[in-house]
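Please read the structure below before turning to the comments.
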2 protein chains.
Amino acid sequence: MPEEPTQAHRFDLARKARSTSLLEDYVELIADLAAATGEARATDIAKRLGVTHPTAIKAIGRLKAAGLATSRPYRGVFLTDAGLELAKKTKARHRLVVDVLIAIGVPTESAEADGEGIEHHVSEATLRAFARFMRNRA
Amino acid sequence: MPEEPTQAHRFDLARKARSTSLLEDYVELIADLAAATGEARATDIAKRLGVTHPTAIKAIGRLKAAGLATSRPYRGVFLTDAGLELAKKTKARHRLVVDVLIAIGVPTESAEADGEGIEHHVSEATLRAFARFMRNRA
DNA sequence: ACCCTAATGTAGCCCATGCTACATTCGATG
DNA sequence: CATCGAATGTAGCATGGGCTACATTAGGGT
């Protein structure tokens, strides 16, 4: 039943995407912070995401459980190789999605805002089509 | 603080969209079933969404709490005026999103699948841009 | 060297969204 | 018209992802 394009299957994919989107957001942000300031602190992560710090810390716990990050008490958060990999992919997808929205004529601010949610639902096939679209336009 | 395009604010919008997306899915589906078969039964809803029936029934309870639907024990589910309104808007948005994806070159099946998740994150401004895009192309 | 602040961590709560297992009710059919 | 299967409803559990309130630790400034 790998290829079963029923409506139920589509909703299933959407649910899966929703559940991974949080982790992707965190990983992407941690990579950004690490690149910008050398380290990713829980408080900064929380501030950037607009959540309280316990929420961020709990999420970081889930990242660790998922093998995407490591952290020692009272130290910052660091991505594992798997985390870095995911961050790279997520970041590239994010950029491409926003670029396509802008190319279509979506105002920049809307593209940035909506892209934050949309990116997590873009499959590989759609991503390839996006890349093709950007390549082929004037 | 209505106009504050910070990253935190964008994540906030994405979270809000995630929390409403479930209700939108249900309302849209109920409208479809009602149009197709004359009534929306909990079991059919569950089957179409790919969840178990208690899950669907609980969600229907939330729909009722939100004033989007009504139902009496052992009868089908019916949308309120507000529910119909939301269903109409959601359905139109869904179509437009899928159409734009296809126009960009996304394979139909991917467009249908990804659209299911993407639609909930498309703002009014982006929607308008999408409509403009579809109008202006060859 | 101490202490104060800010960062980090913990505990405990809430709600949404899924599930399984069990109970009830409807309605079709023998 | 009685019964049995399917639909509906209920109970109870888990997890994710928020929160507030409180505890602990790190580290810079006097």
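The chains in the structure tokens are called A, B, ... from first to last as shown; in each chain the residues are counted from 1, and the ligands are counted from 1 in the order shown.
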Restrict the calculation to only C-alpha atoms (C1' of nucleotides), then for each residue of chain B with any atom at most 9 Å from an atom of chain C give the closest atom pair and their distance in Å to one decimal, rows by chain and rising residue number, as a tab-separated table.
residue	atom	partner	partner_atom	distance
B:Ser19	CA	C:DA16	C1'	8.3
B:Val51	CA	C:DG18	C1'	8.1
B:Thr52	CA	C:DC19	C1'	8.0
B:Pro54	CA	C:DC19	C1'	8.8
B:Thr55	CA	C:DG18	C1'	6.8
B:Lys58	CA	C:DT17	C1'	9.0
B:Ala59	CA	C:DT17	C1'	8.4
B:Tyr74	CA	C:DT25	C1'	7.6
Output file for the selection above: N, CA, C and O atoms, as a PDB file, in the first residue's frame:
ATOM      1  N   SER B  19      -3.616  25.042  14.411  1.00  0.00           N
ATOM      2  CA  SER B  19      -4.702  24.694  15.326  1.00  0.00           C
ATOM      3  C   SER B  19      -6.067  24.798  14.658  1.00  0.00           C
ATOM      4  O   SER B  19      -7.010  24.137  15.074  1.00  0.00           O
ATOM      5  N   VAL B  51      -9.006   8.300  10.162  1.00  0.00           N
ATOM      6  CA  VAL B  51      -8.889   8.189  11.618  1.00  0.00           C
ATOM      7  C   VAL B  51      -9.979   7.245  12.118  1.00  0.00           C
ATOM      8  O   VAL B  51     -10.855   6.859  11.359  1.00  0.00           O
ATOM      9  N   THR B  52      -9.900   6.887  13.393  1.00  0.00           N
ATOM     10  CA  THR B  52     -10.939   6.028  13.952  1.00  0.00           C
ATOM     11  C   THR B  52     -12.171   6.868  14.267  1.00  0.00           C
ATOM     12  O   THR B  52     -12.097   8.089  14.361  1.00  0.00           O
ATOM     13  N   PRO B  54     -14.015   7.253  17.035  1.00  0.00           N
ATOM     14  CA  PRO B  54     -14.051   8.103  18.234  1.00  0.00           C
ATOM     15  C   PRO B  54     -13.306   9.424  18.022  1.00  0.00           C
ATOM     16  O   PRO B  54     -13.723  10.471  18.533  1.00  0.00           O
ATOM     17  N   THR B  55     -12.228   9.361  17.294  1.00  0.00           N
ATOM     18  CA  THR B  55     -11.488  10.574  16.987  1.00  0.00           C
ATOM     19  C   THR B  55     -12.369  11.560  16.227  1.00  0.00           C
ATOM     20  O   THR B  55     -12.419  12.760  16.553  1.00  0.00           O
ATOM     21  N   LYS B  58     -15.076  13.004  18.507  1.00  0.00           N
ATOM     22  CA  LYS B  58     -14.539  14.031  19.393  1.00  0.00           C
ATOM     23  C   LYS B  58     -14.345  15.342  18.642  1.00  0.00           C
ATOM     24  O   LYS B  58     -14.681  16.420  19.135  1.00  0.00           O
ATOM     25  N   ALA B  59     -13.817  15.242  17.454  1.00  0.00           N
ATOM     26  CA  ALA B  59     -13.580  16.451  16.651  1.00  0.00           C
ATOM     27  C   ALA B  59     -14.909  17.133  16.330  1.00  0.00           C
ATOM     28  O   ALA B  59     -15.005  18.357  16.353  1.00  0.00           O
ATOM     29  N   TYR B  74     -27.086   9.937  17.352  1.00  0.00           N
ATOM     30  CA  TYR B  74     -27.414   8.934  16.346  1.00  0.00           C
ATOM     31  C   TYR B  74     -27.987   9.509  15.060  1.00  0.00           C
ATOM     32  O   TYR B  74     -28.571   8.802  14.269  1.00  0.00           O
TER      33      TYR B  74
END
Alpha helix (DSSP H) call set, DSSP backbone run, chain A, as a short mmCIF file (atom, residue, chain, number, x, y, z; two decimals) with N, CA, C and O atoms, in the first residue's frame:
data_model
loop_
_atom_site.label_atom_id
_atom_site.label_comp_id
_atom_site.auth_asym_id
_atom_site.auth_seq_id
_atom_site.Cartn_x
_atom_site.Cartn_y
_atom_site.Cartn_z
N GLN A 7 -7.87 9.96 -0.35
CA GLN A 7 -7.96 11.18 0.45
C GLN A 7 -7.43 10.92 1.86
O GLN A 7 -6.72 11.75 2.41
N ALA A 8 -7.75 9.75 2.40
CA ALA A 8 -7.29 9.42 3.74
C ALA A 8 -5.76 9.43 3.79
O ALA A 8 -5.16 9.93 4.74
N HIS A 9 -5.16 8.90 2.76
CA HIS A 9 -3.71 8.88 2.69
C HIS A 9 -3.14 10.29 2.67
O HIS A 9 -2.13 10.59 3.31
N ARG A 10 -3.79 11.16 1.95
CA ARG A 10 -3.31 12.55 1.88
C ARG A 10 -3.41 13.22 3.24
O ARG A 10 -2.51 13.96 3.64
N PHE A 11 -4.51 12.98 3.93
CA PHE A 11 -4.65 13.57 5.27
C PHE A 11 -3.59 13.02 6.20
O PHE A 11 -3.06 13.72 7.06
N ASP A 12 -3.26 11.75 6.00
CA ASP A 12 -2.24 11.12 6.80
C ASP A 12 -0.90 11.83 6.60
O ASP A 12 -0.18 12.11 7.57
N LEU A 13 -0.58 12.11 5.37
CA LEU A 13 0.66 12.82 5.09
C LEU A 13 0.66 14.19 5.74
O LEU A 13 1.66 14.62 6.32
N ALA A 14 -0.47 14.86 5.67
CA ALA A 14 -0.57 16.20 6.25
C ALA A 14 -0.37 16.13 7.76
O ALA A 14 0.31 16.98 8.35
N ARG A 15 -0.94 15.09 8.38
CA ARG A 15 -0.77 14.94 9.82
C ARG A 15 0.70 14.70 10.16
O ARG A 15 1.24 15.28 11.10
N LYS A 16 1.35 13.85 9.37
CA LYS A 16 2.74 13.55 9.61
C LYS A 16 3.57 14.83 9.48
O LYS A 16 4.45 15.11 10.30
N ALA A 17 3.27 15.61 8.47
CA ALA A 17 4.01 16.86 8.25
C ALA A 17 3.83 17.80 9.43
O ALA A 17 4.78 18.44 9.89
N ARG A 18 2.61 17.86 9.95
CA ARG A 18 2.37 18.74 11.10
C ARG A 18 3.21 18.32 12.28
O ARG A 18 3.75 19.15 13.00
N SER A 19 3.33 17.01 12.48
CA SER A 19 4.03 16.54 13.66
C SER A 19 5.54 16.74 13.55
O SER A 19 6.23 16.84 14.56
N THR A 20 6.06 16.78 12.35
CA THR A 20 7.51 16.99 12.21
C THR A 20 7.86 18.45 12.08
O THR A 20 9.03 18.82 12.24
N SER A 21 6.88 19.28 11.80
CA SER A 21 7.19 20.67 11.48
C SER A 21 7.83 21.39 12.66
O SER A 21 8.73 22.22 12.49
N LEU A 22 7.40 21.06 13.86
CA LEU A 22 7.97 21.72 15.04
C LEU A 22 9.46 21.42 15.16
O LEU A 22 10.27 22.32 15.35
N LEU A 23 9.80 20.16 15.03
CA LEU A 23 11.21 19.78 15.13
C LEU A 23 12.02 20.46 14.04
O LEU A 23 13.13 20.93 14.28
N GLU A 24 11.46 20.54 12.86
CA GLU A 24 12.17 21.20 11.75
C GLU A 24 12.41 22.66 12.08
O GLU A 24 13.49 23.20 11.83
N ASP A 25 11.40 23.31 12.63
CA ASP A 25 11.56 24.72 12.99
C ASP A 25 12.70 24.90 13.99
O ASP A 25 13.53 25.80 13.83
N TYR A 26 12.71 24.06 14.99
CA TYR A 26 13.75 24.16 16.01
C TYR A 26 15.13 23.94 15.41
O TYR A 26 16.06 24.71 15.66
N VAL A 27 15.25 22.88 14.64
CA VAL A 27 16.55 22.53 14.07
C VAL A 27 17.06 23.67 13.18
O VAL A 27 18.22 24.07 13.25
N GLU A 28 16.16 24.18 12.38
CA GLU A 28 16.54 25.27 11.47
C GLU A 28 17.01 26.48 12.28
O GLU A 28 18.02 27.11 11.96
N LEU A 29 16.27 26.80 13.31
CA LEU A 29 16.60 27.96 14.12
C LEU A 29 17.91 27.77 14.88
O LEU A 29 18.73 28.70 14.98
N ILE A 30 18.11 26.59 15.41
CA ILE A 30 19.35 26.31 16.13
C ILE A 30 20.54 26.47 15.20
O ILE A 30 21.56 27.06 15.57
N ALA A 31 20.40 25.98 14.00
CA ALA A 31 21.48 26.12 13.02
C ALA A 31 21.75 27.60 12.75
O ALA A 31 22.91 28.04 12.68
N ASP A 32 20.70 28.38 12.63
CA ASP A 32 20.85 29.82 12.40
C ASP A 32 21.60 30.48 13.54
O ASP A 32 22.55 31.24 13.31
N LEU A 33 21.16 30.20 14.76
CA LEU A 33 21.77 30.82 15.94
C LEU A 33 23.23 30.41 16.05
O LEU A 33 24.11 31.24 16.34
N ALA A 34 23.49 29.14 15.82
CA ALA A 34 24.86 28.65 15.92
C ALA A 34 25.75 29.36 14.89
O ALA A 34 26.87 29.76 15.19
N ALA A 35 25.20 29.54 13.70
CA ALA A 35 25.97 30.20 12.65
C ALA A 35 26.19 31.67 12.99
O ALA A 35 27.26 32.23 12.74
N ALA A 36 25.17 32.29 13.57
CA ALA A 36 25.23 33.74 13.80
C ALA A 36 26.05 34.09 15.04
O ALA A 36 26.86 35.02 15.02
N THR A 37 25.84 33.36 16.12
CA THR A 37 26.46 33.77 17.39
C THR A 37 27.39 32.72 17.96
O THR A 37 27.93 32.90 19.05
N ALA A 42 18.94 28.17 24.99
CA ALA A 42 17.52 27.87 25.08
C ALA A 42 16.67 29.14 25.12
O ALA A 42 15.63 29.23 24.47
N THR A 43 17.13 30.11 25.88
CA THR A 43 16.37 31.35 26.01
C THR A 43 16.23 32.07 24.67
O THR A 43 15.15 32.57 24.33
N ASP A 44 17.31 32.12 23.91
CA ASP A 44 17.24 32.78 22.60
C ASP A 44 16.30 32.04 21.67
O ASP A 44 15.51 32.64 20.94
N ILE A 45 16.38 30.72 21.72
CA ILE A 45 15.48 29.91 20.89
C ILE A 45 14.04 30.23 21.24
O ILE A 45 13.21 30.48 20.37
N ALA A 46 13.76 30.24 22.55
CA ALA A 46 12.39 30.51 23.00
C ALA A 46 11.94 31.89 22.52
O ALA A 46 10.83 32.05 22.01
N LYS A 47 12.82 32.86 22.68
CA LYS A 47 12.47 34.23 22.29
C LYS A 47 12.16 34.31 20.80
O LYS A 47 11.16 34.90 20.39
N ARG A 48 12.99 33.71 20.00
CA ARG A 48 12.80 33.75 18.55
C ARG A 48 11.53 33.05 18.11
O ARG A 48 10.88 33.47 17.15
N LEU A 49 11.18 31.99 18.80
CA LEU A 49 9.98 31.24 18.42
C LEU A 49 8.73 31.84 19.05
O LEU A 49 7.62 31.50 18.67
N HIS A 53 10.39 29.66 27.89
CA HIS A 53 11.57 28.81 27.85
C HIS A 53 11.31 27.36 28.24
O HIS A 53 11.93 26.46 27.68
N PRO A 54 10.37 27.07 29.17
CA PRO A 54 10.12 25.65 29.42
C PRO A 54 9.62 24.91 28.18
O PRO A 54 9.98 23.76 27.96
N THR A 55 8.82 25.59 27.39
CA THR A 55 8.35 24.99 26.15
C THR A 55 9.53 24.66 25.25
O THR A 55 9.61 23.55 24.69
N ALA A 56 10.45 25.59 25.13
CA ALA A 56 11.62 25.37 24.28
C ALA A 56 12.45 24.22 24.83
O ALA A 56 12.90 23.34 24.07
N ILE A 57 12.64 24.20 26.14
CA ILE A 57 13.47 23.15 26.74
C ILE A 57 12.84 21.78 26.52
O ILE A 57 13.53 20.80 26.21
N LYS A 58 11.52 21.73 26.66
CA LYS A 58 10.85 20.45 26.42
C LYS A 58 11.05 20.00 24.98
O LYS A 58 11.33 18.84 24.70
N ALA A 59 10.92 20.96 24.06
CA ALA A 59 11.08 20.63 22.65
C ALA A 59 12.51 20.16 22.38
O ALA A 59 12.73 19.22 21.60
N ILE A 60 13.47 20.79 23.03
CA ILE A 60 14.86 20.38 22.86
C ILE A 60 15.03 18.95 23.35
O ILE A 60 15.77 18.16 22.76
N GLY A 61 14.31 18.61 24.42
CA GLY A 61 14.32 17.23 24.89
C GLY A 61 13.84 16.28 23.81
O GLY A 61 14.41 15.20 23.63
N ARG A 62 12.80 16.69 23.09
CA ARG A 62 12.31 15.84 22.02
C ARG A 62 13.33 15.75 20.88
O ARG A 62 13.50 14.69 20.28
N LEU A 63 14.00 16.85 20.62
CA LEU A 63 15.05 16.83 19.60
C LEU A 63 16.12 15.81 19.97
O LEU A 63 16.59 15.05 19.13
N LYS A 64 16.51 15.83 21.24
CA LYS A 64 17.53 14.89 21.71
C LYS A 64 17.02 13.47 21.58
O LYS A 64 17.75 12.58 21.12
N ALA A 65 15.77 13.25 21.95
CA ALA A 65 15.18 11.91 21.85
C ALA A 65 15.17 11.44 20.39
O ALA A 65 15.30 10.26 20.11
N ASP A 81 24.96 15.26 13.60
CA ASP A 81 25.09 15.24 12.15
C ASP A 81 23.72 15.15 11.49
O ASP A 81 23.43 15.84 10.52
N ALA A 82 22.86 14.29 12.06
CA ALA A 82 21.51 14.16 11.52
C ALA A 82 20.78 15.49 11.62
O ALA A 82 20.05 15.89 10.70
N GLY A 83 20.98 16.20 12.74
CA GLY A 83 20.33 17.49 12.91
C GLY A 83 20.82 18.51 11.90
O GLY A 83 20.03 19.27 11.32
N LEU A 84 22.12 18.52 11.68
CA LEU A 84 22.70 19.45 10.70
C LEU A 84 22.16 19.16 9.31
O LEU A 84 21.81 20.08 8.56
N GLU A 85 22.08 17.89 9.01
CA GLU A 85 21.55 17.46 7.71
C GLU A 85 20.13 17.98 7.52
O GLU A 85 19.80 18.60 6.51
N LEU A 86 19.31 17.74 8.54
CA LEU A 86 17.92 18.17 8.48
C LEU A 86 17.83 19.70 8.37
O LEU A 86 17.02 20.24 7.62
N ALA A 87 18.67 20.38 9.13
CA ALA A 87 18.66 21.84 9.10
C ALA A 87 18.98 22.35 7.70
O ALA A 87 18.34 23.28 7.20
N LYS A 88 19.94 21.71 7.07
CA LYS A 88 20.36 22.14 5.74
C LYS A 88 19.21 21.97 4.76
O LYS A 88 18.85 22.88 4.01
N LYS A 89 18.60 20.80 4.80
CA LYS A 89 17.49 20.52 3.90
C LYS A 89 16.32 21.47 4.14
O LYS A 89 15.72 22.01 3.21
N THR A 90 16.01 21.65 5.43
CA THR A 90 14.87 22.49 5.79
C THR A 90 15.10 23.93 5.35
O THR A 90 14.21 24.58 4.81
N LYS A 91 16.32 24.39 5.57
CA LYS A 91 16.65 25.77 5.23
C LYS A 91 16.55 26.00 3.72
O LYS A 91 15.98 26.99 3.26
N ALA A 92 17.08 25.05 2.95
CA ALA A 92 17.04 25.18 1.50
C ALA A 92 15.59 25.18 1.01
O ALA A 92 15.20 25.99 0.15
N ARG A 93 14.79 24.30 1.59
CA ARG A 93 13.39 24.21 1.19
C ARG A 93 12.66 25.51 1.54
O ARG A 93 11.90 26.04 0.72
N HIS A 94 12.94 26.01 2.72
CA HIS A 94 12.34 27.26 3.17
C HIS A 94 12.62 28.38 2.15
O HIS A 94 11.71 29.07 1.70
N ARG A 95 13.87 28.55 1.81
CA ARG A 95 14.27 29.60 0.86
C ARG A 95 13.53 29.44 -0.46
O ARG A 95 12.98 30.39 -1.02
N LEU A 96 13.54 28.22 -0.96
CA LEU A 96 12.92 27.98 -2.26
C LEU A 96 11.43 28.29 -2.23
O LEU A 96 10.89 28.93 -3.15
N VAL A 97 10.77 27.88 -1.16
CA VAL A 97 9.33 28.14 -1.05
C VAL A 97 9.07 29.65 -1.05
O VAL A 97 8.21 30.14 -1.80
N VAL A 98 9.81 30.38 -0.25
CA VAL A 98 9.61 31.83 -0.19
C VAL A 98 9.92 32.47 -1.53
O VAL A 98 9.18 33.34 -2.01
N ASP A 99 10.99 32.01 -2.17
CA ASP A 99 11.35 32.56 -3.47
C ASP A 99 10.24 32.34 -4.49
O ASP A 99 9.91 33.24 -5.28
N VAL A 100 9.67 31.16 -4.49
CA VAL A 100 8.61 30.86 -5.45
C VAL A 100 7.39 31.75 -5.18
O VAL A 100 6.80 32.31 -6.10
N LEU A 101 7.04 31.89 -3.91
CA LEU A 101 5.89 32.74 -3.56
C LEU A 101 6.11 34.15 -4.08
O LEU A 101 5.22 34.76 -4.68
N ILE A 102 7.30 34.67 -3.85
CA ILE A 102 7.61 36.02 -4.30
C ILE A 102 7.57 36.11 -5.82
O ILE A 102 7.03 37.06 -6.39
N ALA A 103 8.11 35.10 -6.47
CA ALA A 103 8.12 35.08 -7.94
C ALA A 103 6.70 35.10 -8.50
O ALA A 103 6.43 35.67 -9.55
N ILE A 104 5.80 34.48 -7.79
CA ILE A 104 4.41 34.42 -8.22
C ILE A 104 3.70 35.75 -8.02
O ILE A 104 2.67 36.02 -8.63
N THR A 108 6.35 40.38 -0.23
CA THR A 108 7.46 39.77 0.51
C THR A 108 7.09 39.37 1.93
O THR A 108 7.35 38.24 2.36
N GLU A 109 6.46 40.28 2.65
CA GLU A 109 6.12 39.98 4.05
C GLU A 109 5.17 38.78 4.15
O GLU A 109 5.34 37.91 5.00
N SER A 110 4.18 38.73 3.26
CA SER A 110 3.26 37.58 3.27
C SER A 110 4.00 36.30 2.91
O SER A 110 3.73 35.24 3.49
N ALA A 111 4.90 36.40 1.97
CA ALA A 111 5.66 35.23 1.54
C ALA A 111 6.48 34.69 2.71
O ALA A 111 6.52 33.47 2.95
N GLU A 112 7.10 35.60 3.43
CA GLU A 112 7.90 35.17 4.59
C GLU A 112 7.01 34.53 5.65
O GLU A 112 7.34 33.48 6.21
N ALA A 113 5.89 35.18 5.92
CA ALA A 113 4.99 34.69 6.97
C ALA A 113 4.36 33.35 6.59
O ALA A 113 4.45 32.38 7.35
N ASP A 114 3.76 33.28 5.42
CA ASP A 114 3.08 32.05 5.02
C ASP A 114 4.08 30.93 4.78
O ASP A 114 3.79 29.76 5.05
N GLY A 115 5.24 31.30 4.26
CA GLY A 115 6.27 30.30 3.99
C GLY A 115 6.62 29.51 5.23
O GLY A 115 6.88 28.30 5.17
N GLU A 116 6.58 30.18 6.37
CA GLU A 116 6.91 29.53 7.64
C GLU A 116 6.02 28.31 7.88
O GLU A 116 6.45 27.32 8.46
N GLY A 117 4.77 28.39 7.47
CA GLY A 117 3.87 27.25 7.65
C GLY A 117 3.87 26.32 6.45
O GLY A 117 3.79 25.10 6.60
N ILE A 118 3.96 26.91 5.27
CA ILE A 118 3.84 26.12 4.04
C ILE A 118 4.99 25.15 3.86
O ILE A 118 4.80 24.00 3.47
N GLU A 124 9.05 16.27 -1.80
CA GLU A 124 10.22 16.28 -2.68
C GLU A 124 9.83 16.59 -4.12
O GLU A 124 10.48 17.38 -4.79
N ALA A 125 8.77 15.94 -4.57
CA ALA A 125 8.35 16.12 -5.96
C ALA A 125 7.97 17.58 -6.21
O ALA A 125 8.33 18.17 -7.22
N THR A 126 7.25 18.15 -5.26
CA THR A 126 6.83 19.54 -5.40
C THR A 126 8.04 20.46 -5.36
O THR A 126 8.14 21.45 -6.11
N LEU A 127 8.98 20.11 -4.51
CA LEU A 127 10.21 20.90 -4.39
C LEU A 127 10.96 20.91 -5.72
O LEU A 127 11.45 21.96 -6.17
N ARG A 128 11.02 19.76 -6.34
CA ARG A 128 11.70 19.69 -7.65
C ARG A 128 10.99 20.56 -8.67
O ARG A 128 11.63 21.28 -9.45
N ALA A 129 9.66 20.53 -8.61
CA ALA A 129 8.89 21.35 -9.55
C ALA A 129 9.15 22.83 -9.28
O ALA A 129 9.26 23.64 -10.22
N PHE A 130 9.27 23.19 -8.03
CA PHE A 130 9.56 24.58 -7.67
C PHE A 130 10.91 25.00 -8.24
O PHE A 130 11.05 26.09 -8.82
N ALA A 131 11.90 24.14 -8.08
CA ALA A 131 13.24 24.46 -8.58
C ALA A 131 13.21 24.63 -10.09
O ALA A 131 13.81 25.55 -10.64
N ARG A 132 12.47 23.75 -10.76
CA ARG A 132 12.33 23.82 -12.21
C ARG A 132 11.68 25.14 -12.59
O ARG A 132 12.13 25.84 -13.50
N PHE A 133 10.65 25.49 -11.86
CA PHE A 133 9.91 26.73 -12.14
C PHE A 133 10.83 27.95 -12.04
O PHE A 133 10.84 28.81 -12.91
N MET A 134 11.63 27.99 -10.99
CA MET A 134 12.53 29.12 -10.80
C MET A 134 13.59 29.17 -11.90
O MET A 134 13.97 30.25 -12.35
N ARG A 135 14.04 28.00 -12.32
CA ARG A 135 15.06 27.95 -13.37
C ARG A 135 14.51 28.44 -14.70
O ARG A 135 15.16 29.20 -15.41
N ASN A 136 13.28 28.03 -14.99
CA ASN A 136 12.72 28.28 -16.32
C ASN A 136 12.12 29.65 -16.55
O ASN A 136 11.76 29.99 -17.67
#
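Set the cut-off at 9 Å, count only C-alpha atoms (C1' of nucleotides), and the residues of chain D near chain A turn out to be DG16, DG17, DG18, DC19, DT25 and DA26 of chain D.
You can rank B:Val77, B:Ala66, B:Ala40, B:Val106 by their closest distance to chain A using only C-alpha atoms, and at the top of that list sits B:Val106.
The spacing separating atom CA of A:Glu119 from atom CA of B:His121 amounts to 9.5 Å.
Here atom CA of A:Leu68 stands at a distance of 5.3 Å from atom CA of A:Thr80.
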Quick one: of B:Val122, B:Gly67, B:Glu39, B:Arg72, who's nearest to chain A, counting only C-alpha atoms?
B:Val122
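Take atom CA of B:Ser71 and atom C1' of D:DA6: the distance between them is 19.3 Å.
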Could you give me the residues within chain B that DSSP places in strand (DSSP E or B), as a PyMOL selection string?
chain B and resi 40+69-71+77-79
Please, could you write that set of residues out with all heavy atoms as an mmCIF file, in the first residue's frame?
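Listed below is the output, result.cif:
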data_model
loop_
_atom_site.group_PDB
_atom_site.id
_atom_site.type_symbol
_atom_site.label_atom_id
_atom_site.label_comp_id
_atom_site.auth_asym_id
_atom_site.auth_seq_id
_atom_site.Cartn_x
_atom_site.Cartn_y
_atom_site.Cartn_z
ATOM 1 N N ALA B 40 -23.959 13.725 6.260
ATOM 2 C CA ALA B 40 -22.590 13.433 6.676
ATOM 3 C C ALA B 40 -22.640 12.563 7.917
ATOM 4 O O ALA B 40 -23.094 13.004 8.966
ATOM 5 C CB ALA B 40 -21.838 14.733 6.965
ATOM 6 N N ALA B 69 -21.036 23.429 13.666
ATOM 7 C CA ALA B 69 -21.876 22.305 13.271
ATOM 8 C C ALA B 69 -22.870 21.978 14.378
ATOM 9 O O ALA B 69 -22.736 22.435 15.511
ATOM 10 C CB ALA B 69 -21.012 21.078 12.964
ATOM 11 N N THR B 70 -23.859 21.192 14.025
ATOM 12 C CA THR B 70 -24.807 20.682 15.005
ATOM 13 C C THR B 70 -24.994 19.187 14.736
ATOM 14 O O THR B 70 -24.748 18.713 13.633
ATOM 15 C CB THR B 70 -26.184 21.354 14.877
ATOM 16 O OG1 THR B 70 -26.689 21.095 13.562
ATOM 17 C CG2 THR B 70 -26.084 22.854 15.081
ATOM 18 N N SER B 71 -25.434 18.488 15.743
ATOM 19 C CA SER B 71 -25.766 17.081 15.546
ATOM 20 C C SER B 71 -26.576 16.616 16.738
ATOM 21 O O SER B 71 -26.392 17.099 17.850
ATOM 22 C CB SER B 71 -24.494 16.240 15.408
ATOM 23 O OG SER B 71 -23.890 16.047 16.661
ATOM 24 N N VAL B 77 -24.316 14.770 10.938
ATOM 25 C CA VAL B 77 -23.775 16.070 11.317
ATOM 26 C C VAL B 77 -24.207 17.103 10.285
ATOM 27 O O VAL B 77 -24.213 16.833 9.086
ATOM 28 C CB VAL B 77 -22.230 16.010 11.346
ATOM 29 C CG1 VAL B 77 -21.666 17.326 11.824
ATOM 30 C CG2 VAL B 77 -21.769 14.869 12.224
ATOM 31 N N PHE B 78 -24.557 18.288 10.774
ATOM 32 C CA PHE B 78 -24.961 19.350 9.866
ATOM 33 C C PHE B 78 -24.196 20.626 10.181
ATOM 34 O O PHE B 78 -23.953 20.940 11.352
ATOM 35 C CB PHE B 78 -26.466 19.598 9.983
ATOM 36 C CG PHE B 78 -27.279 18.386 9.644
ATOM 37 C CD1 PHE B 78 -27.683 17.504 10.638
ATOM 38 C CD2 PHE B 78 -27.614 18.106 8.325
ATOM 39 C CE1 PHE B 78 -28.400 16.357 10.328
ATOM 40 C CE2 PHE B 78 -28.331 16.971 8.002
ATOM 41 C CZ PHE B 78 -28.736 16.087 9.010
ATOM 42 N N LEU B 79 -23.830 21.343 9.152
ATOM 43 C CA LEU B 79 -23.094 22.587 9.351
ATOM 44 C C LEU B 79 -24.041 23.727 9.685
ATOM 45 O O LEU B 79 -25.153 23.799 9.146
ATOM 46 C CB LEU B 79 -22.302 22.941 8.090
ATOM 47 C CG LEU B 79 -21.187 21.965 7.714
ATOM 48 C CD1 LEU B 79 -20.527 22.394 6.417
ATOM 49 C CD2 LEU B 79 -20.165 21.840 8.831
#
